[in-house]
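J.: I'd like to ask you about the structure that follows.
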Number of protein chains: 2
Amino acid sequence: MDLYYQKLEQFMETLDEETMRAVENVSVKKTFKKGDLLLEQGEICKYSFSLINGVARKFYYGQKKVITTEFYFAGDVALSFNSYLLQKPSEEVMECVTDLTVECISRDNFEKLKQSFPKLIAYDLLFTELYAAWLEERLFDFNVLSATERYRKLMHKSPQYFHQIKLTHIASYLGISLETLSRIRARI
Amino acid sequence: MDLYYQKLEQFMETLDEETMRAVENVSVKKTFKKGDLLLEQGEICKYSFSLINGVARKFYYGQKKVITTEFYFAGDVALSFNSYLLQKPSEEVMECVTDLTVECISRDNFEKLKQSFPKLIAYDLLFTELYAAWLEERLFDFNVLSATERYRKLMHKSPQYFHQIKLTHIASYLGISLETLSRIRARI
DNA sequence: CTGATTTTTTGACTTAGGTCAAAGGTAACT
DNA sequence: AGTTACCTTTGACCTAAGTCAAAAAATCAG
């Protein structure tokens with residue numbers, strides 16, 4: 001994971017002023033209140049949100065339960081992958097867990113910029129690689145780790161999750177019931 | 001899923017002769033026997049394998065069980081994502097399920113070509129998007145479908161899996177034990 | 001500070017799927 | 001065809017995690 005971030009950061013350092021400037025010109029700072037939705041179910045994801053501060057989460061409604069697919073913190077980029085890329089209605093919802101400040105870039109603008117600034121295509125690639133690697137790891141976790149191990153790993157790697165986020169959401173992110181999570185915590 | 005394939009195909013159609021030719025020049029046709037390994041555990045994944053015919057699979061060793069992460073058929077591109085991108089030793093193994101014919105392209109060559117043929121970067125992006133979308137769907141399946149539902153879905157969407165592939169491998173791909181798979185099949 | 005609402009914990013019970021062991025099947029080799 | 005090795009099915013039992021219900025804790029509004 002970290003190696004993918006490094007790759008991205010290294011790339012950012014080699015990015016020319018001009019390209020940076022062009023991106024900044026199309027990005028708009030916005031603020032949201034806790035509980036606001038960045039993206040509703042059925043809405044097309046037309047923007048990417050780069051978090052400046054605050055916490056957000058992405059989730060969807062399964063038949064029986066709500067599944068949280070991702071949490072976002074400062075520095076992360078929030079979007080619904082499928083909806084953003086295909087510009088079709090989103091199954092996923094994005095919600096502010098706390099008050100939020102973001103830099104907001106419309107996909108249309110960004111795609112246009114890619115024509116004039118081809119480096120942005122390479123950026124897109126790196127970003128997507130990072131996401132795919134993250135998904136691979138998450139899949140790995142579900143396949144080989146027990147509920148307790150997943151909890152331990154999350155707690156160890158990302159303790160920040162446990163400050164602002166309620167246990168219901170953490171449980172739904174770990175793919176376990178709230179009660180099971182509570183029991184795991186009691187046992188440790 | 002299909003929409004991502006479409007995007008890729010559309011893109012391929014717009015690809016100029018020159019770029020195509022350049023890629024063909026660095027790709028080498030190879031054949032393998034059933035049981036041969038395309039990539040061993042601990043080896044660095046230096047090649048991508050584009051299947052011409054036959055079936056392959058990718059898997060890794062969990063503590064308790066073997067997990068099959070992907071099957072490849074004619075037209076698919078086989079590689080270990082993490083090892084290929086970071087050029088580090090692979091946890092995953094790629095194995096021929098049947099005799100195999102592939103077009104083999106070294107990553108070094110391909111990366112060099114990307115300098116002179118920037119369209120290949122866009123290709124890479126589309127390919128990675130497809131993979132990420134596929135991973136998202138797989139994660140979805142594990143999160144909301146029962147063992148039986150996962151089996152049904154696979155059987156329905158990809159019946160070709162059940163010809164050449166043994167049940168042990170299908171079970172390990174579906175994330176269930178061989179016995180459970182056998183029982184599901186008996187019940188349907 | 002108090003009552004109301006939301007979140008988390010605890011308890012009792014259920015269940016999907018796993019494990020271990022043995023028996024049938026199938027294929028492959030001589 | 002007969003033997004060996006591998007696959008798959010079946011049976012008996014086990015376990016991690018889920019569900020339902022109620023109590024306890026924390027948070028919030030007035």
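Labels used: A, B, ... for chains in the order of the structure tokens, numbers from 1 for residues in each chain, and numbers from 1 for ligands as shown.
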All Cα atoms, paired in order, least squares: that's the fit I need for chain A onto chain B, output as a JSON list (two decimals) with C-alpha atoms, in the first residue's frame.

T.:
[["chain", "number", "residue", "atom", "x", "y", "z"],
["A", 1, "MET", "CA", -18.12, -5.12, -16.02],
["A", 2, "ASP", "CA", -19.15, -5.41, -19.65],
["A", 3, "LEU", "CA", -19.14, -1.64, -19.99],
["A", 4, "TYR", "CA", -15.49, -1.56, -19.01],
["A", 5, "TYR", "CA", -14.70, -4.17, -21.66],
["A", 6, "GLN", "CA", -16.57, -2.07, -24.20],
["A", 7, "LYS", "CA", -14.56, 1.00, -23.26],
["A", 8, "LEU", "CA", -11.37, -0.99, -23.75],
["A", 9, "GLU", "CA", -12.51, -2.42, -27.08],
["A", 10, "GLN", "CA", -13.57, 0.98, -28.36],
["A", 11, "PHE", "CA", -10.19, 2.30, -27.39],
["A", 12, "MET", "CA", -8.43, -0.53, -29.19],
["A", 13, "GLU", "CA", -10.27, 0.38, -32.38],
["A", 14, "THR", "CA", -8.91, 3.91, -32.27],
["A", 15, "LEU", "CA", -5.37, 2.64, -31.80],
["A", 16, "ASP", "CA", -3.09, 3.58, -34.69],
["A", 17, "GLU", "CA", -1.23, 1.01, -36.80],
["A", 18, "GLU", "CA", 2.12, 2.25, -35.62],
["A", 19, "THR", "CA", 1.43, 1.72, -31.94],
["A", 20, "MET", "CA", -0.07, -1.72, -32.59],
["A", 21, "ARG", "CA", 2.96, -2.71, -34.62],
["A", 22, "ALA", "CA", 5.34, -1.55, -31.91],
["A", 23, "VAL", "CA", 3.58, -3.70, -29.31],
["A", 24, "GLU", "CA", 3.51, -6.72, -31.60],
["A", 25, "ASN", "CA", 7.23, -6.35, -32.13],
["A", 26, "VAL", "CA", 8.01, -6.86, -28.46],
["A", 27, "SER", "CA", 5.53, -9.66, -27.87],
["A", 28, "VAL", "CA", 6.61, -13.27, -28.05],
["A", 29, "LYS", "CA", 4.36, -16.26, -28.52],
["A", 30, "LYS", "CA", 4.95, -19.09, -26.07],
["A", 31, "THR", "CA", 3.31, -22.37, -25.16],
["A", 32, "PHE", "CA", 3.03, -24.12, -21.83],
["A", 33, "LYS", "CA", 1.89, -27.53, -20.66],
["A", 34, "LYS", "CA", -0.90, -28.17, -18.18],
["A", 35, "GLY", "CA", 0.53, -27.79, -14.70],
["A", 36, "ASP", "CA", 3.39, -25.47, -15.73],
["A", 37, "LEU", "CA", 3.82, -22.31, -13.72],
["A", 38, "LEU", "CA", 3.70, -18.93, -15.45],
["A", 39, "LEU", "CA", 4.86, -17.35, -12.21],
["A", 40, "GLU", "CA", 6.27, -18.96, -9.10],
["A", 41, "GLN", "CA", 5.87, -17.80, -5.54],
["A", 42, "GLY", "CA", 8.63, -15.32, -4.70],
["A", 43, "GLU", "CA", 9.43, -14.67, -8.36],
["A", 44, "ILE", "CA", 9.10, -11.14, -9.73],
["A", 45, "CYS", "CA", 6.37, -10.84, -12.33],
["A", 46, "LYS", "CA", 8.29, -9.46, -15.30],
["A", 47, "TYR", "CA", 5.85, -10.40, -18.02],
["A", 48, "SER", "CA", 2.22, -10.04, -18.88],
["A", 49, "PHE", "CA", 0.66, -13.06, -20.56],
["A", 50, "SER", "CA", -2.12, -12.54, -23.03],
["A", 51, "LEU", "CA", -3.93, -15.86, -23.41],
["A", 52, "ILE", "CA", -4.50, -17.10, -26.93],
["A", 53, "ASN", "CA", -6.02, -20.35, -25.81],
["A", 54, "GLY", "CA", -6.23, -22.54, -22.76],
["A", 55, "VAL", "CA", -7.01, -21.74, -19.14],
["A", 56, "ALA", "CA", -4.82, -20.50, -16.29],
["A", 57, "ARG", "CA", -5.39, -19.57, -12.67],
["A", 58, "LYS", "CA", -3.74, -17.36, -10.09],
["A", 59, "PHE", "CA", -3.70, -18.32, -6.41],
["A", 60, "TYR", "CA", -1.86, -17.85, -3.14],
["A", 61, "TYR", "CA", -1.26, -19.82, 0.02],
["A", 62, "GLY", "CA", -3.19, -18.59, 3.06],
["A", 63, "GLN", "CA", -2.20, -20.02, 6.46],
["A", 64, "LYS", "CA", -4.89, -22.66, 6.33],
["A", 65, "LYS", "CA", -6.00, -22.85, 2.76],
["A", 66, "VAL", "CA", -5.17, -22.02, -0.82],
["A", 67, "ILE", "CA", -7.09, -19.11, -2.27],
["A", 68, "THR", "CA", -7.68, -18.86, -6.01],
["A", 69, "THR", "CA", -7.91, -15.19, -6.97],
["A", 70, "GLU", "CA", -8.56, -15.35, -10.68],
["A", 71, "PHE", "CA", -9.08, -17.59, -13.69],
["A", 72, "TYR", "CA", -7.91, -16.63, -17.14],
["A", 73, "PHE", "CA", -9.37, -17.65, -20.49],
["A", 74, "ALA", "CA", -8.57, -16.79, -24.11],
["A", 75, "GLY", "CA", -8.35, -13.02, -24.52],
["A", 76, "ASP", "CA", -7.56, -12.33, -20.84],
["A", 77, "VAL", "CA", -4.31, -10.84, -19.67],
["A", 78, "ALA", "CA", -2.65, -12.68, -16.80],
["A", 79, "LEU", "CA", -0.29, -11.02, -14.35],
["A", 80, "SER", "CA", 0.20, -10.61, -10.63],
["A", 81, "PHE", "CA", -0.83, -7.01, -10.15],
["A", 82, "ASN", "CA", 1.21, -6.19, -7.08],
["A", 83, "SER", "CA", 4.36, -7.93, -8.20],
["A", 84, "TYR", "CA", 4.15, -6.59, -11.74],
["A", 85, "LEU", "CA", 3.67, -2.97, -10.71],
["A", 86, "LEU", "CA", 6.17, -2.79, -7.90],
["A", 87, "GLN", "CA", 8.55, -5.38, -9.34],
["A", 88, "LYS", "CA", 8.76, -7.18, -6.03],
["A", 89, "PRO", "CA", 8.51, -10.91, -5.25],
["A", 90, "SER", "CA", 5.07, -12.30, -5.84],
["A", 91, "GLU", "CA", 2.88, -13.88, -3.17],
["A", 92, "GLU", "CA", 0.75, -15.21, -5.97],
["A", 93, "VAL", "CA", 1.39, -18.17, -8.22],
["A", 94, "MET", "CA", 0.10, -18.49, -11.77],
["A", 95, "GLU", "CA", -0.47, -21.98, -13.05],
["A", 96, "CYS", "CA", -1.69, -23.53, -16.30],
["A", 97, "VAL", "CA", -4.96, -25.34, -15.81],
["A", 98, "THR", "CA", -4.71, -26.70, -19.36],
["A", 99, "ASP", "CA", -2.09, -26.52, -22.09],
["A", 100, "LEU", "CA", -1.66, -22.88, -22.92],
["A", 101, "THR", "CA", -0.64, -20.54, -25.74],
["A", 102, "VAL", "CA", 0.15, -16.95, -24.81],
["A", 103, "GLU", "CA", 1.57, -13.72, -26.15],
["A", 104, "CYS", "CA", 4.18, -12.70, -23.67],
["A", 105, "ILE", "CA", 5.29, -9.05, -23.22],
["A", 106, "SER", "CA", 8.06, -8.02, -20.88],
["A", 107, "ARG", "CA", 7.19, -5.18, -18.55],
["A", 108, "ASP", "CA", 10.49, -3.44, -19.24],
["A", 109, "ASN", "CA", 9.78, -3.34, -22.95],
["A", 110, "PHE", "CA", 6.24, -2.20, -22.43],
["A", 111, "GLU", "CA", 7.26, 0.59, -20.08],
["A", 112, "LYS", "CA", 9.82, 1.78, -22.63],
["A", 113, "LEU", "CA", 7.19, 1.76, -25.34],
["A", 114, "LYS", "CA", 4.94, 3.91, -23.18],
["A", 115, "GLN", "CA", 7.49, 6.73, -23.53],
["A", 116, "SER", "CA", 7.28, 6.75, -27.31],
["A", 117, "PHE", "CA", 3.63, 5.76, -27.62],
["A", 118, "PRO", "CA", 1.68, 7.67, -24.99],
["A", 119, "LYS", "CA", -1.52, 6.01, -26.03],
["A", 120, "LEU", "CA", -0.24, 2.96, -24.23],
["A", 121, "ILE", "CA", -0.55, 4.88, -20.97],
["A", 122, "ALA", "CA", -4.21, 5.42, -21.69],
["A", 123, "TYR", "CA", -4.49, 1.72, -22.50],
["A", 124, "ASP", "CA", -2.87, 0.87, -19.19],
["A", 125, "LEU", "CA", -5.33, 3.11, -17.43],
["A", 126, "LEU", "CA", -8.32, 1.42, -19.03],
["A", 127, "PHE", "CA", -6.93, -1.98, -18.23],
["A", 128, "THR", "CA", -6.40, -1.02, -14.60],
["A", 129, "GLU", "CA", -9.88, 0.48, -14.36],
["A", 130, "LEU", "CA", -11.29, -2.78, -15.62],
["A", 131, "TYR", "CA", -9.36, -4.70, -13.00],
["A", 132, "ALA", "CA", -10.40, -2.36, -10.19],
["A", 133, "ALA", "CA", -14.04, -2.61, -11.23],
["A", 134, "TRP", "CA", -13.73, -6.38, -11.27],
["A", 135, "LEU", "CA", -12.23, -6.35, -7.79],
["A", 136, "GLU", "CA", -15.02, -4.10, -6.53],
["A", 137, "GLU", "CA", -17.58, -6.54, -7.83],
["A", 138, "ARG", "CA", -15.81, -9.51, -6.27],
["A", 139, "LEU", "CA", -15.72, -7.70, -2.94],
["A", 140, "PHE", "CA", -19.40, -6.97, -3.29],
["A", 141, "ASP", "CA", -20.07, -10.66, -3.91],
["A", 142, "PHE", "CA", -18.26, -11.69, -0.75],
["A", 143, "ASN", "CA", -20.01, -9.03, 1.29],
["A", 144, "VAL", "CA", -23.60, -9.57, 0.28],
["A", 145, "LEU", "CA", -23.99, -12.97, -1.34],
["A", 146, "SER", "CA", -24.20, -16.32, 0.43],
["A", 147, "ALA", "CA", -22.07, -19.25, -0.72],
["A", 148, "THR", "CA", -25.01, -20.57, -2.73],
["A", 149, "GLU", "CA", -25.66, -17.22, -4.37],
["A", 150, "ARG", "CA", -22.02, -16.81, -5.32],
["A", 151, "TYR", "CA", -22.07, -20.25, -6.88],
["A", 152, "ARG", "CA", -25.26, -19.52, -8.80],
["A", 153, "LYS", "CA", -23.93, -16.22, -10.06],
["A", 154, "LEU", "CA", -20.69, -17.76, -11.27],
["A", 155, "MET", "CA", -22.50, -20.63, -12.93],
["A", 156, "HIS", "CA", -24.86, -18.26, -14.65],
["A", 157, "LYS", "CA", -22.35, -15.62, -15.76],
["A", 158, "SER", "CA", -19.40, -17.87, -16.52],
["A", 159, "PRO", "CA", -20.47, -21.43, -17.18],
["A", 160, "GLN", "CA", -17.17, -21.99, -18.98],
["A", 161, "TYR", "CA", -15.59, -22.26, -15.53],
["A", 162, "PHE", "CA", -17.23, -25.60, -15.01],
["A", 163, "HIS", "CA", -15.81, -27.36, -18.00],
["A", 164, "GLN", "CA", -12.07, -27.38, -17.60],
["A", 165, "ILE", "CA", -11.68, -26.45, -13.95],
["A", 166, "LYS", "CA", -11.82, -28.79, -11.00],
["A", 167, "LEU", "CA", -14.20, -28.19, -8.18],
["A", 168, "THR", "CA", -11.42, -27.76, -5.63],
["A", 169, "HIS", "CA", -10.28, -24.69, -7.51],
["A", 170, "ILE", "CA", -13.75, -23.33, -8.02],
["A", 171, "ALA", "CA", -14.44, -23.73, -4.32],
["A", 172, "SER", "CA", -11.24, -21.91, -3.43],
["A", 173, "TYR", "CA", -12.22, -19.15, -5.85],
["A", 174, "LEU", "CA", -15.68, -18.85, -4.32],
["A", 175, "GLY", "CA", -14.19, -18.76, -0.84],
["A", 176, "ILE", "CA", -15.88, -21.93, 0.37],
["A", 177, "SER", "CA", -14.74, -25.45, 1.22],
["A", 178, "LEU", "CA", -14.85, -28.21, -1.36],
["A", 179, "GLU", "CA", -17.43, -30.07, 0.71],
["A", 180, "THR", "CA", -19.73, -27.10, 0.92],
["A", 181, "LEU", "CA", -19.51, -26.61, -2.83],
["A", 182, "SER", "CA", -20.34, -30.25, -3.36],
["A", 183, "ARG", "CA", -23.40, -29.91, -1.12],
["A", 184, "ILE", "CA", -24.57, -26.78, -2.88],
["A", 185, "ARG", "CA", -24.36, -28.60, -6.19],
["A", 186, "ALA", "CA", -26.27, -31.59, -4.83],
["A", 187, "ARG", "CA", -29.06, -29.33, -3.61],
["A", 188, "ILE", "CA", -29.66, -27.55, -6.91]]

J.: Sorted by chain and rising residue number, which residues of chain D lie within 10 Å of stretch 9-21 of chain C, and what are their closest atom pairs and distances in Å to one decimal, counting only C-alpha atoms (C1' of nucleotides), as JSON lines?

T.:
{"residue": "D:DG11", "atom": "C1'", "partner": "C:DA21", "partner_atom": "C1'", "distance": 9.1}
{"residue": "D:DA12", "atom": "C1'", "partner": "C:DC20", "partner_atom": "C1'", "distance": 9.3}
{"residue": "D:DC13", "atom": "C1'", "partner": "C:DT19", "partner_atom": "C1'", "distance": 8.7}
{"residue": "D:DC14", "atom": "C1'", "partner": "C:DT19", "partner_atom": "C1'", "distance": 7.6}
{"residue": "D:DT15", "atom": "C1'", "partner": "C:DG18", "partner_atom": "C1'", "distance": 7.8}
{"residue": "D:DA16", "atom": "C1'", "partner": "C:DG17", "partner_atom": "C1'", "distance": 9.4}
{"residue": "D:DA17", "atom": "C1'", "partner": "C:DT15", "partner_atom": "C1'", "distance": 9.1}
{"residue": "D:DG18", "atom": "C1'", "partner": "C:DT15", "partner_atom": "C1'", "distance": 7.6}
{"residue": "D:DT19", "atom": "C1'", "partner": "C:DT14", "partner_atom": "C1'", "distance": 7.5}
{"residue": "D:DC20", "atom": "C1'", "partner": "C:DC13", "partner_atom": "C1'", "distance": 8.9}
{"residue": "D:DA21", "atom": "C1'", "partner": "C:DG11", "partner_atom": "C1'", "distance": 9.1}
{"residue": "D:DA22", "atom": "C1'", "partner": "C:DG11", "partner_atom": "C1'", "distance": 8.8}
{"residue": "D:DA23", "atom": "C1'", "partner": "C:DT10", "partner_atom": "C1'", "distance": 7.7}
{"residue": "D:DA24", "atom": "C1'", "partner": "C:DT9", "partner_atom": "C1'", "distance": 7.1}
{"residue": "D:DA25", "atom": "C1'", "partner": "C:DT9", "partner_atom": "C1'", "distance": 8.5}

J.: Return as a PyMOL selection string the full set of residues in stretch 17-164 of chain B whose backbone-based DSSP assignment is alpha helix (DSSP H).

T.: chain B and resi 17-26+81-86+107-116+119-144+147-157+161-164

J.: Hey, can you spit out that residue selection with C-alpha atoms as a tab-separated table (two decimals), in the first residue's frame?

T.:
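Listing of out.tsv after writing:
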chain	number	residue	atom	x	y	z
B	17	GLU	CA	-1.21	1.01	-36.76
B	18	GLU	CA	2.14	2.25	-35.60
B	19	THR	CA	1.44	1.72	-31.92
B	20	MET	CA	-0.06	-1.72	-32.58
B	21	ARG	CA	2.98	-2.71	-34.61
B	22	ALA	CA	5.35	-1.54	-31.88
B	23	VAL	CA	3.59	-3.69	-29.31
B	24	GLU	CA	3.52	-6.72	-31.58
B	25	ASN	CA	7.24	-6.35	-32.11
B	26	VAL	CA	8.00	-6.85	-28.45
B	81	PHE	CA	-0.84	-7.00	-10.16
B	82	ASN	CA	1.20	-6.18	-7.10
B	83	SER	CA	4.37	-7.94	-8.22
B	84	TYR	CA	4.13	-6.59	-11.75
B	85	LEU	CA	3.67	-2.97	-10.72
B	86	LEU	CA	6.15	-2.79	-7.90
B	107	ARG	CA	7.19	-5.17	-18.57
B	108	ASP	CA	10.50	-3.44	-19.25
B	109	ASN	CA	9.77	-3.35	-22.96
B	110	PHE	CA	6.24	-2.20	-22.44
B	111	GLU	CA	7.27	0.60	-20.08
B	112	LYS	CA	9.82	1.77	-22.62
B	113	LEU	CA	7.20	1.77	-25.35
B	114	LYS	CA	4.95	3.91	-23.17
B	115	GLN	CA	7.52	6.74	-23.52
B	116	SER	CA	7.30	6.77	-27.31
B	119	LYS	CA	-1.53	6.02	-26.03
B	120	LEU	CA	-0.24	2.96	-24.22
B	121	ILE	CA	-0.54	4.88	-20.97
B	122	ALA	CA	-4.20	5.42	-21.69
B	123	TYR	CA	-4.48	1.72	-22.50
B	124	ASP	CA	-2.86	0.88	-19.20
B	125	LEU	CA	-5.33	3.12	-17.45
B	126	LEU	CA	-8.33	1.42	-19.04
B	127	PHE	CA	-6.93	-1.99	-18.24
B	128	THR	CA	-6.38	-1.03	-14.61
B	129	GLU	CA	-9.87	0.48	-14.38
B	130	LEU	CA	-11.30	-2.79	-15.62
B	131	TYR	CA	-9.36	-4.71	-13.01
B	132	ALA	CA	-10.40	-2.37	-10.20
B	133	ALA	CA	-14.05	-2.61	-11.25
B	134	TRP	CA	-13.74	-6.39	-11.30
B	135	LEU	CA	-12.24	-6.35	-7.80
B	136	GLU	CA	-15.03	-4.10	-6.55
B	137	GLU	CA	-17.59	-6.55	-7.83
B	138	ARG	CA	-15.81	-9.51	-6.27
B	139	LEU	CA	-15.72	-7.70	-2.95
B	140	PHE	CA	-19.41	-6.98	-3.31
B	141	ASP	CA	-20.07	-10.68	-3.91
B	142	PHE	CA	-18.25	-11.69	-0.75
B	143	ASN	CA	-20.01	-9.03	1.28
B	144	VAL	CA	-23.60	-9.57	0.28
B	147	ALA	CA	-22.07	-19.25	-0.72
B	148	THR	CA	-25.02	-20.58	-2.73
B	149	GLU	CA	-25.68	-17.23	-4.36
B	150	ARG	CA	-22.03	-16.81	-5.31
B	151	TYR	CA	-22.06	-20.25	-6.87
B	152	ARG	CA	-25.24	-19.53	-8.80
B	153	LYS	CA	-23.93	-16.23	-10.07
B	154	LEU	CA	-20.69	-17.75	-11.28
B	155	MET	CA	-22.48	-20.62	-12.90
B	156	HIS	CA	-24.84	-18.24	-14.64
B	157	LYS	CA	-22.35	-15.61	-15.76
B	161	TYR	CA	-15.60	-22.26	-15.55
B	162	PHE	CA	-17.21	-25.61	-15.00
B	163	HIS	CA	-15.81	-27.40	-17.97
B	164	GLN	CA	-12.08	-27.37	-17.61

J.: Tell me, in Å to one decimal, how far atom C1' of C:DA4 is from atom C1' of D:DG30.

T.: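 Rounded to one decimal, the two atoms are 10.4 Å apart.
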
J.: What lies within 10 Å of C:DA28 using only C-alpha atoms (C1' of nucleotides), ignoring chain neighbours under 2 positions off, as an MDAnalysis selection string?

T.: (chainID C and resid 26 30) or (chainID D and resid 4:6)

J.: Those residues with N, CA and C atoms (P, O5', C5', C4', C3', O3' and C1' of nucleotides), as a PDB file, in the first residue's frame please?

T.:
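Final output, saved to again.pdb:
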ATOM      1  P    DT C  26     -18.565 -41.413 -12.196  1.00  0.00           P
ATOM      2  O5'  DT C  26     -17.094 -40.993 -12.655  1.00  0.00           O
ATOM      3  C5'  DT C  26     -16.453 -39.912 -11.986  1.00  0.00           C
ATOM      4  C4'  DT C  26     -15.068 -39.682 -12.579  1.00  0.00           C
ATOM      5  C3'  DT C  26     -14.864 -40.191 -13.994  1.00  0.00           C
ATOM      6  O3'  DT C  26     -14.240 -39.125 -14.704  1.00  0.00           O
ATOM      7  C1'  DT C  26     -13.192 -41.063 -12.554  1.00  0.00           C
ATOM      8  P    DT C  30       2.982 -45.732 -17.368  1.00  0.00           P
ATOM      9  O5'  DT C  30       2.546 -47.237 -17.262  1.00  0.00           O
ATOM     10  C5'  DT C  30       2.441 -47.847 -15.956  1.00  0.00           C
ATOM     11  C4'  DT C  30       2.319 -49.356 -16.101  1.00  0.00           C
ATOM     12  C3'  DT C  30       3.153 -49.926 -17.237  1.00  0.00           C
ATOM     13  O3'  DT C  30       3.820 -51.103 -16.800  1.00  0.00           O
ATOM     14  C1'  DT C  30       0.867 -50.511 -17.547  1.00  0.00           C
TER      15       DT C  30
ATOM     16  P    DT D   4      -1.731 -51.418  -6.950  1.00  0.00           P
ATOM     17  O5'  DT D   4      -1.602 -49.861  -7.223  1.00  0.00           O
ATOM     18  C5'  DT D   4      -0.863 -49.393  -8.377  1.00  0.00           C
ATOM     19  C4'  DT D   4      -1.094 -47.910  -8.535  1.00  0.00           C
ATOM     20  C3'  DT D   4      -1.192 -47.147  -7.215  1.00  0.00           C
ATOM     21  O3'  DT D   4      -0.290 -46.055  -7.283  1.00  0.00           O
ATOM     22  C1'  DT D   4      -3.048 -46.642  -8.606  1.00  0.00           C
ATOM     23  P    DA D   5      -0.073 -45.038  -6.081  1.00  0.00           P
ATOM     24  O5'  DA D   5      -0.866 -43.762  -6.619  1.00  0.00           O
ATOM     25  C5'  DA D   5      -0.578 -43.256  -7.931  1.00  0.00           C
ATOM     26  C4'  DA D   5      -1.540 -42.117  -8.217  1.00  0.00           C
ATOM     27  C3'  DA D   5      -1.727 -41.181  -7.023  1.00  0.00           C
ATOM     28  O3'  DA D   5      -1.644 -39.843  -7.499  1.00  0.00           O
ATOM     29  C1'  DA D   5      -3.825 -41.989  -7.759  1.00  0.00           C
ATOM     30  P    DC D   6      -1.760 -38.601  -6.460  1.00  0.00           P
ATOM     31  O5'  DC D   6      -3.114 -37.904  -6.957  1.00  0.00           O
ATOM     32  C5'  DC D   6      -3.300 -37.718  -8.349  1.00  0.00           C
ATOM     33  C4'  DC D   6      -4.774 -37.570  -8.614  1.00  0.00           C
ATOM     34  C3'  DC D   6      -5.417 -36.416  -7.842  1.00  0.00           C
ATOM     35  O3'  DC D   6      -6.173 -35.681  -8.775  1.00  0.00           O
ATOM     36  C1'  DC D   6      -6.712 -38.364  -7.621  1.00  0.00           C
TER      37       DC D   6
END

J.: Per residue of chain D within 9 Å of chain B, note the shortest atom pair and the distance in Å to one decimal, counting only C-alpha atoms (C1' of nucleotides), and order the rows by chain and increasing residue number, as a Markdown table.

T.:
| residue | atom | partner | partner_atom | distance |
| --- | --- | --- | --- | --- |
| D:DC7 | C1' | B:Lys166 | CA | 8.2 |
| D:DT8 | C1' | B:Ser182 | CA | 7.3 |
| D:DT9 | C1' | B:Ser182 | CA | 6.7 |
| D:DT10 | C1' | B:Arg183 | CA | 8.8 |

J.: As a ChimeraX atom specification, please: every residue in stretch 47-150 of chain A that a backbone DSSP assignment puts in strand (DSSP E).

T.: /A:47-53,56-61,66-72,77-78,93-96,100-106
